[in-house]
Amino acid sequence: MTTATLHGNTQRGTTPPIITPVTRPISRRSTWGRRILIGLVVSYVTILIAAPLIRLVISAFSKGVQPIFTALSEPSVLSAFWLTLLISVITVLVHTGFGTLTAWVIVRHRFPGRSILNGLIDMPFAVSPVVVGYMLLLVFGRGGLLAPLLDALQIKIVFALPGMILATIFVTLPFMVRELIPVLEAFGVQQEQAAATLGASGWQTFWYITLPAIRWGFIYGITLTFARALGEFGAVLVVGGGVQGSTETATLYIYRALDERQYIGAYSAALVLGLFSLILIMGTDFLRRRGKL
Amino acid sequence: MTSLALPKPEQTIAQPRKPWGAWGVRGLAFTYLGVLLIIPLLVILQDGLQSGLGELWHQVTLPIAWSALGLTLWTAAVMTLINGIMGTLTAYVLVRYTFTGQAVLNAIVDLPLAIPTLVTGVMLVVLYGPQQALGGWLKNELGWKVIFAPPGIILALLFITFPFVVRAVEPVLLGLDRSQEDAAASLGAGDWTIFRRITLPPLLLPLASGALLSFARAIGEFGAIVIVAGNIPMQTQTAAVYVLGEVESSNRLGASAISIVMLVIALSLILFVDWLQNRNRKEHA
């Protein structure tokens, strides 16, 4: 950020210094190159991202607002959205606890196996959601590793809520930890040490000193985890089966609606889901810039 | 790694007074990751390898599986190439130029991170699908089939991975000392020469990290592709969609074999990127 502001100042040159610094040759010399590059990037982003987004909005509203409400207020659609919300909230709660703990351990502790732990965090990022679901089937499903134990305890994980929660937890694992590690590193330990020398316990130090300092990493971690959990599809499809009314989440509903050619329902549900994630992430960003939190 | 006289700051601090407390916290972190990550991974390896490597190889080289893997790899490679070029260009334009709409462009770059990939698929089908205005025009007038064809897959992958290269290159570009570029310009170097000889070299590492990450991400992508590609075996069926089919038809061997191949590719890429970044950090330290 410091370098950014530095460059910004020299470029704009609000206060003319005594010795004129190097005027940027690039901006002066090649206005056409500049225009072409900006035009190229703007058209790329328009074709790739903006146009499909706008088209989805138009398609959802193509028959007016009323059909959207009718489609979305169907009991099966509502229950799908509730299920998505429930899974996402539980996932966020789990990562808030264990993710923070893991980030803390990786940054503040030195022990053998630390770099392995650190490398493992990124793994879910690269594993296909379908494979995630399939792995959970192999562990918890019929004939799976833990099947005898689960049968004996009469716990149903696969094709039920617990499996879908586990799948979502797996897929969203990196977000909280990856957001917290850099802010914890940047915060350093001096204030924590000061608190400790004044007699604060480990928990007090964390609660009163560390947590307030890293709150933005924390909030971003929660936001990203939540948004990713809302949109999870492949893993919950494989592990949950997508049974209408019981294991159908919002994304699974969209998939089924497309299949059954209920286009208005599919488009409007997709729009609601997309907008929700968008507002979540952009809203956090906005609040931070305004310094409201 | 020479030993320094002064201890590293981290080593001096925050050693909790009770050592068992420290090990308790570490143990919890390890259990969390172990239960979630290690056990499923080992189970799938065991499942795929229990009939031997020969059988695994046989499952992978079945024509449908082989073509699904091939399609996944080549579409991901094309995406990585385009994303590498356009991502670097976007970062350059965002950092070096000031123009109206820059803030909007900057916000749009992060959009793919927020939008569920299934929704991405729906958006692309609504715009480029054969029954839609633009998609129909492209197909009838130009003969371009986008949806239910490889170009749709590449578009979906480009959409999803767009932020990776931009956000990897951007901070490094911001931190570059521009006096070298000025020196080159004053010595008469052209824009392209300056970019290629001065600006680009320090960007190569973040560019490679971002591009490889987007490749790894593309190997496993499912939500957007299943909507856009149409699941035609030997033509538009990617590896992830193939695995889903094998799981649904209870062909455990096939599902495990292709899953392992995808896992090995993706994990080695992630580890390689991790190694690249660590090496870079040490060089700069």
# chains A, B, ... in the order shown; residues from 1 in each chain; ligands from 1
$ residues_around --residues "Leu94 (chain B)" --least-positions-apart "6" --cutoff "9 Å" --atoms "only C-alpha atoms" --output "list of chain:residue names"
A:Ile38, B:Gln102, B:Ala103, B:Leu105, B:Asn106, B:Glu170
$ residues_around --residues "Ile222 (chain A)" --least-positions-apart "3" --cutoff "7 Å" --atoms "only C-alpha atoms" --output "list in words"
Val92, Met176, Phe218, Ile219, Thr225 and Phe226 of chain A
$ closest_residue --among "B:Phe195, B:Phe30, B:Phe148, B:Trp57" --to "chain A" --atoms "only C-alpha atoms"
B:Phe30
$ select_by_dssp --residues "region 103-290 of chain A" --states "helix (DSSP H, G or I)" --output "PyMOL selection string"
chain A and resi 103-108+114-121+123-126+129-140+147-153+161-171+173-187+190-197+202-213+215-231+234-240+250-259+263-290
$ closest_residue --among "B:Leu207, B:Ala156, B:Ala183, B:Ala218" --to "Leu73 (chain B)" --atoms "only C-alpha atoms"
B:Ala218
$ closest_residue --among "B:Thr61, B:Pro202, B:Gly129, B:His284" --to "Ile147 (chain B)" --atoms "only C-alpha atoms"
B:Gly129
$ closest_residue --among "B:Thr199, B:Ile270, B:Asn83, B:Ser250" --to "Arg142 (chain A)" --atoms "only C-alpha atoms"
B:Ser250
$ residues_around --residues "region 276-292 of chain A" --least-positions-apart "2" --cutoff "7 Å" --atoms "only C-alpha atoms" --output "CSV table (one decimal) with C-alpha atoms, in the first residue's frame"
chain,number,residue,atom,x,y,z
A,223,THR,CA,-17.2,-13.9,4.6
A,227,ALA,CA,-19.8,-17.3,0.2
A,272,VAL,CA,-30.5,-14.9,-5.8
A,273,LEU,CA,-27.5,-17.1,-4.9
A,274,GLY,CA,-25.1,-15.1,-6.9
B,114,ALA,CA,-17.9,-14.5,-5.1
B,115,ILE,CA,-20.1,-16.2,-7.7
$ residues_around --residues "Thr91 (chain A)" --least-positions-apart "2" --cutoff "10 Å" --atoms "only C-alpha atoms" --output "list of chain:residue names"
A:Leu85, A:Leu86, A:Ile87, A:Ser88, A:Val89, A:Leu93, A:Val94, A:His95, A:Thr96, A:Ile165, A:Leu166, A:Ala167, A:Thr168, A:Ile169, A:Phe170, A:Val171, A:Thr172, A:Leu173, A:Ile222, A:Thr225, A:Phe226, A:Ala229
$ residues_around --residues "Leu56 (chain A)" --least-positions-apart "4" --cutoff "7 Å" --atoms "only C-alpha atoms" --output "PyMOL selection string"
(chain A and resi 52+60+267) or (chain B and resi 123+126)
$ write_last_selection --atoms "C-alpha atoms" --output "PDB file, in the first residue's frame"
ATOM      1  CA  PRO A  52     -23.003 -13.141 -18.950  1.00  0.00           C
ATOM      2  CA  ALA A  60     -34.519 -13.979 -14.906  1.00  0.00           C
ATOM      3  CA  TYR A 267     -32.310 -18.389 -13.443  1.00  0.00           C
TER       4      TYR A 267
ATOM      5  CA  MET B 123     -24.718 -17.388 -16.868  1.00  0.00           C
ATOM      6  CA  VAL B 126     -27.870 -18.058 -20.923  1.00  0.00           C
TER       7      VAL B 126
END
$ residues_around --residues "Ala239 (chain B)" --least-positions-apart "5" --cutoff "12 Å" --atoms "only C-alpha atoms" --output "PyMOL selection string"
(chain A and resi 128-131) or (chain B and resi 60+64-76+218-222+225-226+229+231-234+244-246+254-263)
$ write_last_selection --atoms "C-alpha atoms" --output "PDB file, in the first residue's frame"
ATOM      1  CA  SER A 128     -12.129 -31.572  -7.358  1.00  0.00           C
ATOM      2  CA  PRO A 129     -15.433 -31.244  -5.446  1.00  0.00           C
ATOM      3  CA  VAL A 130     -16.579 -34.501  -7.039  1.00  0.00           C
ATOM      4  CA  VAL A 131     -13.519 -36.248  -5.658  1.00  0.00           C
TER       5      VAL A 131
ATOM      6  CA  VAL B  60      -7.100 -44.748 -16.703  1.00  0.00           C
ATOM      7  CA  ILE B  64     -13.646 -42.804 -22.410  1.00  0.00           C
ATOM      8  CA  ALA B  65     -11.578 -42.112 -19.296  1.00  0.00           C
ATOM      9  CA  TRP B  66      -8.484 -41.320 -21.343  1.00  0.00           C
ATOM     10  CA  SER B  67     -10.317 -38.839 -23.557  1.00  0.00           C
ATOM     11  CA  ALA B  68     -11.958 -37.214 -20.506  1.00  0.00           C
ATOM     12  CA  LEU B  69      -8.522 -36.697 -18.938  1.00  0.00           C
ATOM     13  CA  GLY B  70      -7.140 -35.437 -22.243  1.00  0.00           C
ATOM     14  CA  LEU B  71      -9.965 -32.924 -22.658  1.00  0.00           C
ATOM     15  CA  THR B  72      -9.525 -31.705 -19.075  1.00  0.00           C
ATOM     16  CA  LEU B  73      -5.799 -31.205 -19.558  1.00  0.00           C
ATOM     17  CA  TRP B  74      -5.879 -29.444 -22.921  1.00  0.00           C
ATOM     18  CA  THR B  75      -8.748 -27.097 -22.069  1.00  0.00           C
ATOM     19  CA  ALA B  76      -6.963 -26.246 -18.794  1.00  0.00           C
ATOM     20  CA  ALA B 218      -9.206 -26.055 -13.577  1.00  0.00           C
ATOM     21  CA  ILE B 219      -8.343 -29.759 -13.377  1.00  0.00           C
ATOM     22  CA  GLY B 220     -10.979 -30.304 -10.722  1.00  0.00           C
ATOM     23  CA  GLU B 221     -13.642 -27.826 -11.815  1.00  0.00           C
ATOM     24  CA  PHE B 222     -17.086 -29.344 -11.933  1.00  0.00           C
ATOM     25  CA  ILE B 225     -18.428 -27.366 -16.615  1.00  0.00           C
ATOM     26  CA  VAL B 226     -21.269 -29.780 -15.985  1.00  0.00           C
ATOM     27  CA  ALA B 229     -20.115 -28.949 -21.439  1.00  0.00           C
ATOM     28  CA  ASN B 231     -21.495 -34.555 -20.657  1.00  0.00           C
ATOM     29  CA  ILE B 232     -21.044 -36.256 -24.031  1.00  0.00           C
ATOM     30  CA  PRO B 233     -18.520 -39.106 -23.581  1.00  0.00           C
ATOM     31  CA  MET B 234     -15.422 -38.859 -25.804  1.00  0.00           C
ATOM     32  CA  LEU B 244     -19.377 -38.480 -11.155  1.00  0.00           C
ATOM     33  CA  GLY B 245     -20.688 -40.918 -13.792  1.00  0.00           C
ATOM     34  CA  GLU B 246     -18.529 -43.733 -12.421  1.00  0.00           C
ATOM     35  CA  GLY B 254     -12.849 -46.399 -12.343  1.00  0.00           C
ATOM     36  CA  ALA B 255     -13.866 -43.581 -10.017  1.00  0.00           C
ATOM     37  CA  SER B 256     -10.899 -44.155  -7.719  1.00  0.00           C
ATOM     38  CA  ALA B 257      -8.386 -44.445 -10.554  1.00  0.00           C
ATOM     39  CA  ILE B 258      -9.329 -41.168 -12.254  1.00  0.00           C
ATOM     40  CA  SER B 259      -9.676 -39.425  -8.884  1.00  0.00           C
ATOM     41  CA  ILE B 260      -6.130 -40.447  -7.993  1.00  0.00           C
ATOM     42  CA  VAL B 261      -4.765 -39.155 -11.279  1.00  0.00           C
ATOM     43  CA  MET B 262      -6.546 -35.813 -10.745  1.00  0.00           C
ATOM     44  CA  LEU B 263      -5.355 -35.644  -7.139  1.00  0.00           C
TER      45      LEU B 263
END
$ atom_distance --atom1 "CA of Glu181 (chain B)" --atom2 "CA of Val93 (chain B)"
16.1 Å
$ closest_residue --among "A:Tyr44, A:Trp216, A:Phe98, A:Phe206" --to "Gly87 (chain B)" --atoms "only C-alpha atoms"
A:Tyr44
